[in-house]
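**Student:** Input query01.pdb, format and content: PDB, C-alpha atoms.
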```pdb
ATOM      1  CA  MET A   1      15.345  14.402 -25.262  1.00  0.00           C
ATOM      2  CA  ARG A   2      17.929  15.319 -22.644  1.00  0.00           C
ATOM      3  CA  SER A   3      16.701  15.728 -19.095  1.00  0.00           C
ATOM      4  CA  LEU A   4      16.484  19.278 -17.808  1.00  0.00           C
ATOM      5  CA  GLN A   5      18.932  18.890 -14.963  1.00  0.00           C
ATOM      6  CA  PHE A   6      21.869  18.755 -17.357  1.00  0.00           C
ATOM      7  CA  SER A   7      21.154  22.214 -18.739  1.00  0.00           C
ATOM      8  CA  VAL A   8      20.318  24.208 -15.606  1.00  0.00           C
ATOM      9  CA  PRO A   9      22.062  24.955 -12.310  1.00  0.00           C
ATOM     10  CA  LEU A  10      20.582  23.618  -9.131  1.00  0.00           C
ATOM     11  CA  LEU A  11      18.529  26.193  -7.289  1.00  0.00           C
ATOM     12  CA  PRO A  12      19.319  27.095  -3.683  1.00  0.00           C
ATOM     13  CA  THR A  13      17.978  24.593  -1.172  1.00  0.00           C
ATOM     14  CA  SER A  14      16.127  27.445   0.537  1.00  0.00           C
ATOM     15  CA  ARG A  15      13.418  26.944  -2.075  1.00  0.00           C
ATOM     16  CA  PHE A  16      12.106  23.983  -0.084  1.00  0.00           C
ATOM     17  CA  LYS A  17      11.254  23.347   3.542  1.00  0.00           C
ATOM     18  CA  ARG A  18      13.326  21.093   5.777  1.00  0.00           C
ATOM     19  CA  HIS A  19      12.142  18.726   8.466  1.00  0.00           C
ATOM     20  CA  SER A  20      14.214  16.276  10.472  1.00  0.00           C
ATOM     21  CA  VAL A  21      15.141  13.122   8.560  1.00  0.00           C
ATOM     22  CA  ARG A  22      15.749   9.858  10.434  1.00  0.00           C
ATOM     23  CA  CYS A  23      16.287   7.653   7.373  1.00  0.00           C
ATOM     24  CA  ALA A  24      19.328   5.418   6.973  1.00  0.00           C
ATOM     25  CA  SER A  25      22.157   7.782   6.026  1.00  0.00           C
ATOM     26  CA  ASP A  26      23.712   5.381   3.480  1.00  0.00           C
ATOM     27  CA  ARG A  27      20.527   5.310   1.400  1.00  0.00           C
ATOM     28  CA  GLN A  28      20.138   9.063   1.705  1.00  0.00           C
ATOM     29  CA  GLN A  29      23.696   9.570   0.469  1.00  0.00           C
ATOM     30  CA  LEU A  30      23.140   7.106  -2.381  1.00  0.00           C
ATOM     31  CA  PHE A  31      20.179   9.052  -3.753  1.00  0.00           C
ATOM     32  CA  ASN A  32      22.066  12.320  -3.350  1.00  0.00           C
ATOM     33  CA  ARG A  33      24.875  10.877  -5.498  1.00  0.00           C
ATOM     34  CA  ILE A  34      22.688   9.575  -8.313  1.00  0.00           C
ATOM     35  CA  ALA A  35      20.459  12.688  -8.431  1.00  0.00           C
ATOM     36  CA  PRO A  36      22.237  14.443 -11.365  1.00  0.00           C
ATOM     37  CA  VAL A  37      21.719  11.497 -13.750  1.00  0.00           C
ATOM     38  CA  TYR A  38      18.614   9.904 -12.224  1.00  0.00           C
ATOM     39  CA  ASP A  39      16.141  11.009 -14.902  1.00  0.00           C
ATOM     40  CA  ASN A  40      18.416  10.175 -17.819  1.00  0.00           C
ATOM     41  CA  LEU A  41      19.033   6.682 -16.456  1.00  0.00           C
ATOM     42  CA  ASN A  42      15.308   6.116 -15.916  1.00  0.00           C
ATOM     43  CA  ASP A  43      14.640   6.993 -19.551  1.00  0.00           C
ATOM     44  CA  LEU A  44      17.451   4.809 -20.843  1.00  0.00           C
ATOM     45  CA  LEU A  45      16.773   1.789 -18.664  1.00  0.00           C
ATOM     46  CA  SER A  46      13.011   1.714 -19.197  1.00  0.00           C
ATOM     47  CA  LEU A  47      13.024   2.939 -22.818  1.00  0.00           C
ATOM     48  CA  GLY A  48      10.778   5.729 -21.604  1.00  0.00           C
ATOM     49  CA  GLN A  49       8.177   3.306 -20.247  1.00  0.00           C
ATOM     50  CA  HIS A  50       8.521   4.666 -16.697  1.00  0.00           C
ATOM     51  CA  ARG A  51       6.536   7.716 -17.792  1.00  0.00           C
ATOM     52  CA  ILE A  52       3.579   5.487 -18.702  1.00  0.00           C
ATOM     53  CA  TRP A  53       3.806   3.613 -15.391  1.00  0.00           C
ATOM     54  CA  LYS A  54       3.873   6.892 -13.478  1.00  0.00           C
ATOM     55  CA  ARG A  55       0.746   8.148 -15.247  1.00  0.00           C
ATOM     56  CA  MET A  56      -0.958   4.888 -14.325  1.00  0.00           C
ATOM     57  CA  ALA A  57       0.059   5.353 -10.688  1.00  0.00           C
ATOM     58  CA  VAL A  58      -1.368   8.874 -10.610  1.00  0.00           C
ATOM     59  CA  SER A  59      -4.597   7.702 -12.235  1.00  0.00           C
ATOM     60  CA  TRP A  60      -4.980   4.949  -9.632  1.00  0.00           C
ATOM     61  CA  SER A  61      -4.536   7.506  -6.828  1.00  0.00           C
ATOM     62  CA  GLY A  62      -7.880   9.100  -7.672  1.00  0.00           C
ATOM     63  CA  ALA A  63      -6.394  12.617  -7.504  1.00  0.00           C
ATOM     64  CA  LYS A  64      -8.687  15.320  -8.858  1.00  0.00           C
ATOM     65  CA  THR A  65      -9.079  19.069  -9.257  1.00  0.00           C
ATOM     66  CA  GLY A  66      -8.853  21.059  -6.041  1.00  0.00           C
ATOM     67  CA  ASP A  67      -7.374  18.208  -3.974  1.00  0.00           C
ATOM     68  CA  SER A  68      -4.577  18.370  -1.435  1.00  0.00           C
ATOM     69  CA  LEU A  69      -2.066  15.780  -2.647  1.00  0.00           C
ATOM     70  CA  LEU A  70       1.197  14.234  -1.454  1.00  0.00           C
ATOM     71  CA  ASP A  71       3.947  12.614  -3.502  1.00  0.00           C
ATOM     72  CA  LEU A  72       6.236  10.686  -1.148  1.00  0.00           C
ATOM     73  CA  CYS A  73       9.878   9.995  -2.008  1.00  0.00           C
ATOM     74  CA  CYS A  74       9.289  12.382  -4.896  1.00  0.00           C
ATOM     75  CA  GLY A  75      12.849  12.394  -6.238  1.00  0.00           C
ATOM     76  CA  SER A  76      13.178  14.797  -9.150  1.00  0.00           C
ATOM     77  CA  GLY A  77       9.426  15.329  -9.249  1.00  0.00           C
ATOM     78  CA  ASP A  78       7.960  13.275 -12.131  1.00  0.00           C
ATOM     79  CA  LEU A  79       4.945  12.067 -10.137  1.00  0.00           C
ATOM     80  CA  THR A  80       4.661  15.398  -8.323  1.00  0.00           C
ATOM     81  CA  PHE A  81       4.238  17.285 -11.582  1.00  0.00           C
ATOM     82  CA  LEU A  82       1.622  14.797 -12.776  1.00  0.00           C
ATOM     83  CA  MET A  83      -0.243  15.180  -9.473  1.00  0.00           C
ATOM     84  CA  SER A  84      -0.027  18.954  -9.860  1.00  0.00           C
ATOM     85  CA  GLU A  85      -1.763  18.737 -13.220  1.00  0.00           C
ATOM     86  CA  LYS A  86      -4.550  16.722 -11.583  1.00  0.00           C
ATOM     87  CA  ALA A  87      -4.975  19.160  -8.683  1.00  0.00           C
ATOM     88  CA  GLY A  88      -4.981  22.291 -10.840  1.00  0.00           C
ATOM     89  CA  ALA A  89      -4.620  25.876  -9.688  1.00  0.00           C
ATOM     90  CA  ASP A  90      -7.118  25.391  -6.847  1.00  0.00           C
ATOM     91  CA  GLY A  91      -5.317  22.361  -5.442  1.00  0.00           C
ATOM     92  CA  LYS A  92      -2.156  21.862  -3.406  1.00  0.00           C
ATOM     93  CA  VAL A  93       0.647  19.350  -3.950  1.00  0.00           C
ATOM     94  CA  ILE A  94       3.561  18.521  -1.674  1.00  0.00           C
ATOM     95  CA  GLY A  95       6.600  16.637  -2.943  1.00  0.00           C
ATOM     96  CA  LEU A  96       8.558  15.128  -0.047  1.00  0.00           C
ATOM     97  CA  ASP A  97      11.966  13.474  -0.195  1.00  0.00           C
ATOM     98  CA  PHE A  98      14.954  12.866   2.085  1.00  0.00           C
ATOM     99  CA  SER A  99      17.465  13.842  -0.634  1.00  0.00           C
ATOM    100  CA  LYS A 100      18.151  17.555  -0.820  1.00  0.00           C
ATOM    101  CA  GLU A 101      19.909  17.118  -4.176  1.00  0.00           C
ATOM    102  CA  GLN A 102      16.845  15.439  -5.704  1.00  0.00           C
ATOM    103  CA  LEU A 103      14.633  18.199  -4.315  1.00  0.00           C
ATOM    104  CA  SER A 104      16.894  20.873  -5.740  1.00  0.00           C
ATOM    105  CA  ILE A 105      16.601  19.297  -9.182  1.00  0.00           C
ATOM    106  CA  ALA A 106      12.813  19.060  -8.785  1.00  0.00           C
ATOM    107  CA  SER A 107      12.660  22.721  -7.804  1.00  0.00           C
ATOM    108  CA  SER A 108      14.804  23.672 -10.813  1.00  0.00           C
ATOM    109  CA  ARG A 109      12.483  21.759 -13.136  1.00  0.00           C
ATOM    110  CA  GLN A 110       9.465  23.496 -11.615  1.00  0.00           C
ATOM    111  CA  TYR A 111      11.101  26.881 -12.239  1.00  0.00           C
ATOM    112  CA  LEU A 112      12.040  26.070 -15.846  1.00  0.00           C
ATOM    113  CA  LEU A 113       8.797  24.429 -16.910  1.00  0.00           C
ATOM    114  CA  SER A 114       6.819  27.443 -15.655  1.00  0.00           C
ATOM    115  CA  LYS A 115       3.461  25.731 -16.084  1.00  0.00           C
ATOM    116  CA  ALA A 116       0.770  27.671 -14.238  1.00  0.00           C
ATOM    117  CA  CYS A 117      -0.517  24.725 -12.227  1.00  0.00           C
ATOM    118  CA  TYR A 118       3.009  23.926 -10.997  1.00  0.00           C
ATOM    119  CA  ASN A 119       2.735  26.936  -8.699  1.00  0.00           C
ATOM    120  CA  ASN A 120       0.643  24.675  -6.454  1.00  0.00           C
ATOM    121  CA  ILE A 121       3.724  22.568  -5.585  1.00  0.00           C
ATOM    122  CA  GLU A 122       5.704  22.833  -2.369  1.00  0.00           C
ATOM    123  CA  TRP A 123       8.914  20.833  -1.858  1.00  0.00           C
ATOM    124  CA  VAL A 124       9.641  19.390   1.580  1.00  0.00           C
ATOM    125  CA  GLU A 125      12.816  17.665   2.767  1.00  0.00           C
ATOM    126  CA  GLY A 126      11.471  15.130   5.223  1.00  0.00           C
ATOM    127  CA  ASP A 127      11.126  11.577   6.454  1.00  0.00           C
ATOM    128  CA  ALA A 128       8.550   9.130   5.074  1.00  0.00           C
ATOM    129  CA  LEU A 129       8.579   7.451   8.495  1.00  0.00           C
ATOM    130  CA  ASP A 130       7.656  10.629  10.360  1.00  0.00           C
ATOM    131  CA  LEU A 131       5.526  12.797   8.105  1.00  0.00           C
ATOM    132  CA  PRO A 132       5.246  16.447   9.202  1.00  0.00           C
ATOM    133  CA  PHE A 133       1.512  16.644   8.437  1.00  0.00           C
ATOM    134  CA  SER A 134      -1.660  16.430  10.493  1.00  0.00           C
ATOM    135  CA  ASN A 135      -4.024  13.455  10.508  1.00  0.00           C
ATOM    136  CA  GLY A 136      -6.390  13.132   7.548  1.00  0.00           C
ATOM    137  CA  TYR A 137      -4.799  15.987   5.595  1.00  0.00           C
ATOM    138  CA  PHE A 138      -4.485  14.594   2.054  1.00  0.00           C
ATOM    139  CA  ASP A 139      -7.014  13.525  -0.581  1.00  0.00           C
ATOM    140  CA  ALA A 140      -4.534  11.174  -2.285  1.00  0.00           C
ATOM    141  CA  ILE A 141      -0.924  10.000  -2.010  1.00  0.00           C
ATOM    142  CA  THR A 142       1.525   8.633  -4.564  1.00  0.00           C
ATOM    143  CA  MET A 143       4.881   7.006  -3.930  1.00  0.00           C
ATOM    144  CA  GLY A 144       7.211   6.034  -6.764  1.00  0.00           C
ATOM    145  CA  TYR A 145      10.112   3.673  -6.137  1.00  0.00           C
ATOM    146  CA  GLY A 146      10.291   4.685  -2.501  1.00  0.00           C
ATOM    147  CA  LEU A 147       8.684   2.015  -0.320  1.00  0.00           C
ATOM    148  CA  ARG A 148      11.350  -0.522  -1.308  1.00  0.00           C
ATOM    149  CA  ASN A 149      14.026   1.796   0.075  1.00  0.00           C
ATOM    150  CA  VAL A 150      12.572   2.905   3.425  1.00  0.00           C
ATOM    151  CA  VAL A 151      14.058   1.236   6.491  1.00  0.00           C
ATOM    152  CA  ASP A 152      10.652   0.475   8.041  1.00  0.00           C
ATOM    153  CA  LYS A 153       7.945  -0.335   5.493  1.00  0.00           C
ATOM    154  CA  ARG A 154       5.269  -0.953   8.112  1.00  0.00           C
ATOM    155  CA  ARG A 155       5.862   2.439   9.682  1.00  0.00           C
ATOM    156  CA  ALA A 156       5.802   4.142   6.271  1.00  0.00           C
ATOM    157  CA  MET A 157       2.455   2.533   5.457  1.00  0.00           C
ATOM    158  CA  GLN A 158       1.027   3.542   8.839  1.00  0.00           C
ATOM    159  CA  GLU A 159       2.120   7.128   8.255  1.00  0.00           C
ATOM    160  CA  MET A 160       0.434   7.187   4.837  1.00  0.00           C
ATOM    161  CA  PHE A 161      -2.737   5.840   6.411  1.00  0.00           C
ATOM    162  CA  ARG A 162      -2.577   8.487   9.154  1.00  0.00           C
ATOM    163  CA  VAL A 163      -2.308  11.520   6.860  1.00  0.00           C
ATOM    164  CA  LEU A 164      -4.922  10.323   4.332  1.00  0.00           C
ATOM    165  CA  LYS A 165      -8.551  11.406   4.535  1.00  0.00           C
ATOM    166  CA  PRO A 166     -11.140   8.627   5.004  1.00  0.00           C
ATOM    167  CA  GLY A 167     -12.144   7.167   1.654  1.00  0.00           C
ATOM    168  CA  SER A 168      -8.959   8.363  -0.046  1.00  0.00           C
ATOM    169  CA  ARG A 169      -6.325   6.261  -1.787  1.00  0.00           C
ATOM    170  CA  VAL A 170      -2.594   5.720  -1.895  1.00  0.00           C
ATOM    171  CA  SER A 171      -0.926   4.497  -5.092  1.00  0.00           C
ATOM    172  CA  ILE A 172       2.551   2.975  -4.739  1.00  0.00           C
ATOM    173  CA  LEU A 173       4.653   2.211  -7.818  1.00  0.00           C
ATOM    174  CA  ASP A 174       7.807   0.094  -7.535  1.00  0.00           C
ATOM    175  CA  PHE A 175       9.702  -2.885  -8.886  1.00  0.00           C
ATOM    176  CA  ASN A 176       7.684  -6.072  -8.666  1.00  0.00           C
ATOM    177  CA  LYS A 177       9.049  -9.002  -6.683  1.00  0.00           C
ATOM    178  CA  SER A 178       7.634 -11.602  -9.019  1.00  0.00           C
ATOM    179  CA  MET A 179       6.835 -15.161  -7.995  1.00  0.00           C
ATOM    180  CA  GLN A 180       7.058 -16.235 -11.639  1.00  0.00           C
ATOM    181  CA  PRO A 181      10.502 -17.876 -12.173  1.00  0.00           C
ATOM    182  CA  PHE A 182      10.935 -16.576 -15.740  1.00  0.00           C
ATOM    183  CA  THR A 183      10.041 -12.994 -14.810  1.00  0.00           C
ATOM    184  CA  ALA A 184      12.335 -13.058 -11.782  1.00  0.00           C
ATOM    185  CA  LEU A 185      15.227 -14.438 -13.850  1.00  0.00           C
ATOM    186  CA  PHE A 186      14.667 -11.894 -16.614  1.00  0.00           C
ATOM    187  CA  GLN A 187      14.582  -9.076 -14.047  1.00  0.00           C
ATOM    188  CA  GLU A 188      17.875 -10.287 -12.574  1.00  0.00           C
ATOM    189  CA  TRP A 189      19.400 -10.595 -16.052  1.00  0.00           C
ATOM    190  CA  MET A 190      18.332  -7.031 -16.886  1.00  0.00           C
ATOM    191  CA  ILE A 191      19.981  -5.656 -13.751  1.00  0.00           C
ATOM    192  CA  ASP A 192      23.250  -7.523 -14.364  1.00  0.00           C
ATOM    193  CA  ASN A 193      23.452  -6.986 -18.125  1.00  0.00           C
ATOM    194  CA  VAL A 194      21.661  -3.699 -18.772  1.00  0.00           C
ATOM    195  CA  VAL A 195      21.156  -1.623 -15.617  1.00  0.00           C
ATOM    196  CA  VAL A 196      24.589  -1.927 -14.016  1.00  0.00           C
ATOM    197  CA  PRO A 197      26.571  -1.654 -17.306  1.00  0.00           C
ATOM    198  CA  THR A 198      24.562   1.452 -18.252  1.00  0.00           C
ATOM    199  CA  ALA A 199      25.089   2.971 -14.806  1.00  0.00           C
ATOM    200  CA  THR A 200      28.800   2.207 -15.169  1.00  0.00           C
ATOM    201  CA  VAL A 201      28.962   4.690 -18.052  1.00  0.00           C
ATOM    202  CA  TYR A 202      27.922   7.367 -15.557  1.00  0.00           C
ATOM    203  CA  GLY A 203      30.353   6.098 -12.921  1.00  0.00           C
ATOM    204  CA  LEU A 204      27.503   4.724 -10.790  1.00  0.00           C
ATOM    205  CA  ALA A 205      27.877   0.951 -11.080  1.00  0.00           C
ATOM    206  CA  LYS A 206      28.229   0.480  -7.334  1.00  0.00           C
ATOM    207  CA  GLU A 207      25.204   2.673  -6.628  1.00  0.00           C
ATOM    208  CA  TYR A 208      22.959   0.643  -8.958  1.00  0.00           C
ATOM    209  CA  GLN A 209      24.169  -2.787  -7.891  1.00  0.00           C
ATOM    210  CA  TYR A 210      21.971  -2.354  -4.795  1.00  0.00           C
ATOM    211  CA  LEU A 211      18.875  -2.836  -6.975  1.00  0.00           C
ATOM    212  CA  LYS A 212      19.091  -6.630  -7.011  1.00  0.00           C
ATOM    213  CA  THR A 213      19.374  -6.828  -3.228  1.00  0.00           C
ATOM    214  CA  SER A 214      16.622  -4.292  -2.651  1.00  0.00           C
ATOM    215  CA  ILE A 215      14.221  -6.225  -4.892  1.00  0.00           C
ATOM    216  CA  ASP A 216      15.146  -9.546  -3.274  1.00  0.00           C
ATOM    217  CA  GLU A 217      14.394  -8.028   0.129  1.00  0.00           C
ATOM    218  CA  PHE A 218      11.184  -6.355  -1.045  1.00  0.00           C
ATOM    219  CA  LEU A 219       7.661  -7.701  -0.534  1.00  0.00           C
ATOM    220  CA  THR A 220       5.581  -9.651  -3.024  1.00  0.00           C
ATOM    221  CA  GLY A 221       2.292  -8.227  -4.248  1.00  0.00           C
ATOM    222  CA  LYS A 222       0.316 -10.313  -1.751  1.00  0.00           C
ATOM    223  CA  GLU A 223       2.640  -9.245   1.065  1.00  0.00           C
ATOM    224  CA  LEU A 224       2.190  -5.587   0.100  1.00  0.00           C
ATOM    225  CA  GLU A 225      -1.581  -5.996   0.172  1.00  0.00           C
ATOM    226  CA  LYS A 226      -1.336  -7.523   3.662  1.00  0.00           C
ATOM    227  CA  LEU A 227       0.977  -4.713   4.777  1.00  0.00           C
ATOM    228  CA  ALA A 228      -1.625  -2.140   3.751  1.00  0.00           C
ATOM    229  CA  LEU A 229      -4.523  -3.982   5.378  1.00  0.00           C
ATOM    230  CA  ASP A 230      -2.537  -4.439   8.605  1.00  0.00           C
ATOM    231  CA  ALA A 231      -1.900  -0.678   8.635  1.00  0.00           C
ATOM    232  CA  GLY A 232      -5.658  -0.070   8.648  1.00  0.00           C
ATOM    233  CA  PHE A 233      -6.540   0.329   4.974  1.00  0.00           C
ATOM    234  CA  SER A 234      -9.956  -1.117   4.112  1.00  0.00           C
ATOM    235  CA  TYR A 235      -8.967  -2.220   0.614  1.00  0.00           C
ATOM    236  CA  ALA A 236      -5.682  -3.134  -1.052  1.00  0.00           C
ATOM    237  CA  ARG A 237      -4.823  -4.535  -4.470  1.00  0.00           C
ATOM    238  CA  HIS A 238      -1.484  -4.999  -6.173  1.00  0.00           C
ATOM    239  CA  TYR A 239      -1.306  -4.788  -9.974  1.00  0.00           C
ATOM    240  CA  GLU A 240       1.567  -6.235 -11.999  1.00  0.00           C
ATOM    241  CA  ILE A 241       2.536  -3.950 -14.877  1.00  0.00           C
ATOM    242  CA  GLY A 242       5.417  -3.679 -17.332  1.00  0.00           C
ATOM    243  CA  GLY A 243       5.266  -7.371 -18.113  1.00  0.00           C
ATOM    244  CA  GLY A 244       5.464  -8.204 -14.432  1.00  0.00           C
ATOM    245  CA  LEU A 245       8.718  -6.289 -13.907  1.00  0.00           C
ATOM    246  CA  MET A 246       6.894  -3.482 -12.101  1.00  0.00           C
ATOM    247  CA  GLY A 247       3.991  -3.389  -9.681  1.00  0.00           C
ATOM    248  CA  ASN A 248       1.532  -0.854  -8.307  1.00  0.00           C
ATOM    249  CA  LEU A 249      -0.207  -1.151  -4.962  1.00  0.00           C
ATOM    250  CA  VAL A 250      -3.529   0.664  -4.595  1.00  0.00           C
ATOM    251  CA  ALA A 251      -4.967   0.953  -1.101  1.00  0.00           C
ATOM    252  CA  ALA A 252      -8.056   2.811   0.148  1.00  0.00           C
ATOM    253  CA  ARG A 253      -8.453   4.223   3.647  1.00  0.00           C
TER     254      ARG A 253
END
```
What does the file become when written as C-alpha cells?

**Tutor:**
Amino acid sequence: MRSLQFSVPLLPTSRFKRHSVRCASDRQQLFNRIAPVYDNLNDLLSLGQHRIWKRMAVSWSGAKTGDSLLDLCCGSGDLTFLMSEKAGADGKVIGLDFSKEQLSIASSRQYLLSKACYNNIEWVEGDALDLPFSNGYFDAITMGYGLRNVVDKRRAMQEMFRVLKPGSRVSILDFNKSMQPFTALFQEWMIDNVVVPTATVYGLAKEYQYLKTSIDEFLTGKELEKLALDAGFSYARHYEIGGGLMGNLVAAR
C-alpha cells in the first residue's frame, strides 16, 4: 500500500505549534529532505516489520486510556497515532519533532485518517534537548529512531526523566549496536547493499549513508541502560528485537 503522503498535499505549518529548536542544523535539514519518502522507505527496507516493532515500543511504554502521552522525534507520526489509540478520546498525545516537513506530513495523515481518537493529538515543532513541558507532565513517553540522532543523548534522557511522572515509563526504539560480530556484519551489509541502493532510487543515497556512522557512534544496550540510570531512572532494560538488528530501551522513573 502506498503511503499517504504521496497522495495528499502538505497542510500549512500553522497546524502545529513551534518552539525554539537548538538541534544540529545539518541533521534537521536531512530529515526535512527525506520526509516525503520516509514512510515508503521504512516499509521497503524493513519489509513492513517496523510496524510490529513500533507496536512493541508502544506496548512497553505502558500507555493507557486517559493518559497524557508524548512521542518524541515523532517524524510522520506512526508511534504518535499508536499512542493516540492507547490514550483514547479522554487522553492527550503530543507528537514533537524538529522537522517541520515531517510534522506537516503527520498533520496531513491525521486529517486524512479522521479517526475519532486522533483528535487528541497535538503536533509540536521543538527540541528534544529542551522540552517545552513542565516537570512530571506525562504518563508515558515513546521515542522512535530519535535518540541516535540527537546531539546530546545524556541531555535528551534527562529531559525525558524530567517531564515523566513518577512511576511512568519511557520506551525508546532504535537500531541496535550489536556486540555480536555476525549481527554487526549483517547490519553493515544491509546498509551497503540494500538501504543505500534503495535510497538511491529516490535520490537520497547521500542522506542514508549516514546510517552506518550513526549506528557506529550509537550506544550499546548496556550503555543505554547506564545512560538511563545515570539520568535518574530507577529501572532500565534494553531488549534486542528484529533478530538483533533493532533494540528497545525501557526505563521507569

**Student:** Translate the PyMOL selection byres ((chain A and resi 148) around 8) into a concrete residue list for this structure, as a list in words.

**Tutor:**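 For this structure, the PyMOL selection byres ((chain A and resi 148) around 8) captures Tyr145, Gly146, Leu147, Asn149, Val150, Lys153, Asp174, Ser214, Ile215 and Phe218 of chain A.
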
**Student:** Taking the point (-3.4, 8.4, -9.9) as given in the file, collect each protein or nucleic acid residue that comes within 12 Å of it, counting only C-alpha atoms, and present the set as a ChimeraX atom specification.

**Tutor:** /A:52-64,69-71,79-87,139-144,168-173,248-251

**Student:** So how many Å separate CA of Thr220 in chain A and CA of Ser178 in chain A, to one decimal?

**Tutor:**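 Calculated distance between CA of Thr220 in chain A and CA of Ser178 in chain A is 6.6 Å.
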
**Student:** Which residue is closest to Ala236 in chain A? Choose from A:Glu188, A:Asp97, A:Glu159, A:Glu223 and count only C-alpha atoms.

**Tutor:**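 So, comparing all the options, the nearest one is A:Glu223.
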
**Student:** Would you pick out the contacts of Gly242 in chain A at 9 Å or less, using all atoms listed in the file, so that residues sharing its chain but fewer than 5 positions from it are not included, and give the list as a list in words?

**Tutor:**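 Listing them by chain and then by number gives Gln49, His50, Trp53 and Gly247 of chain A.
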
**Student:** Residues at most 10 Å from range 114-127 of chain A, counting only C-alpha atoms, excluding those fewer than 3 positions away in the same chain, as a ChimeraX atom specification?

**Tutor:** /A:13,15-23,68-74,77,80-104,106-107,109-111,130-132,150,156

**Student:** Can you list, as a PyMOL selection string, every protein, DNA or RNA residue that comes within 12 Å of Pro181 in chain A when you count all atoms listed in the file, leaving out same-chain residues fewer than 6 positions away?

**Tutor:** chain A and resi 187-188+244-245

**Student:** Have a look at CA of Ser76 in chain A and CA of Tyr210 in chain A and let me know their distance in Å, one decimal.

**Tutor:**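 CA of Tyr210 in chain A lies at a distance of 19.8 Å from CA of Ser76 in chain A.
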
**Student:** Provide an axis-aligned box for all listed atoms of range 67-70 of chain A, padding each side by 4 Å; report its centre and its edge lengths in Å to one decimal, as AutoDock Vina command-line options.

**Tutor:**
```
--center_x -3.1 --center_y 16.3 --center_z -2.7 --size_x 16.6 --size_y 12.1 --size_z 10.5
```

**Student:** Give me, please, the distance in Å between CA of Asp216 in chain A and CA of Val196 in chain A, quoted to one decimal.

**Tutor:** 16.2 Å

**Student:** Nearest to Lys177 in chain A: which of A:Leu224, A:Ala252, A:Leu129, A:Ala231 is it, counting only C-alpha atoms?

**Tutor:**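 So, comparing all the options, the nearest one is A:Leu224.
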
**Student:** With distances taken over all atoms listed in the file, which of A:Gly221, A:Gly203, A:Gly232, A:Gly136 is nearest to Arg155 in chain A?

**Tutor:**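 Of all the options, A:Gly232 lies closest to Arg155 in chain A.
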
**Student:** Which of these, A:Ala228, A:Val163, A:Val201, A:Ile191, has the shortest distance to Thr213 in chain A once you count only C-alpha atoms?

**Tutor:**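 For Thr213 in chain A, the nearest of the given residues is A:Ile191.
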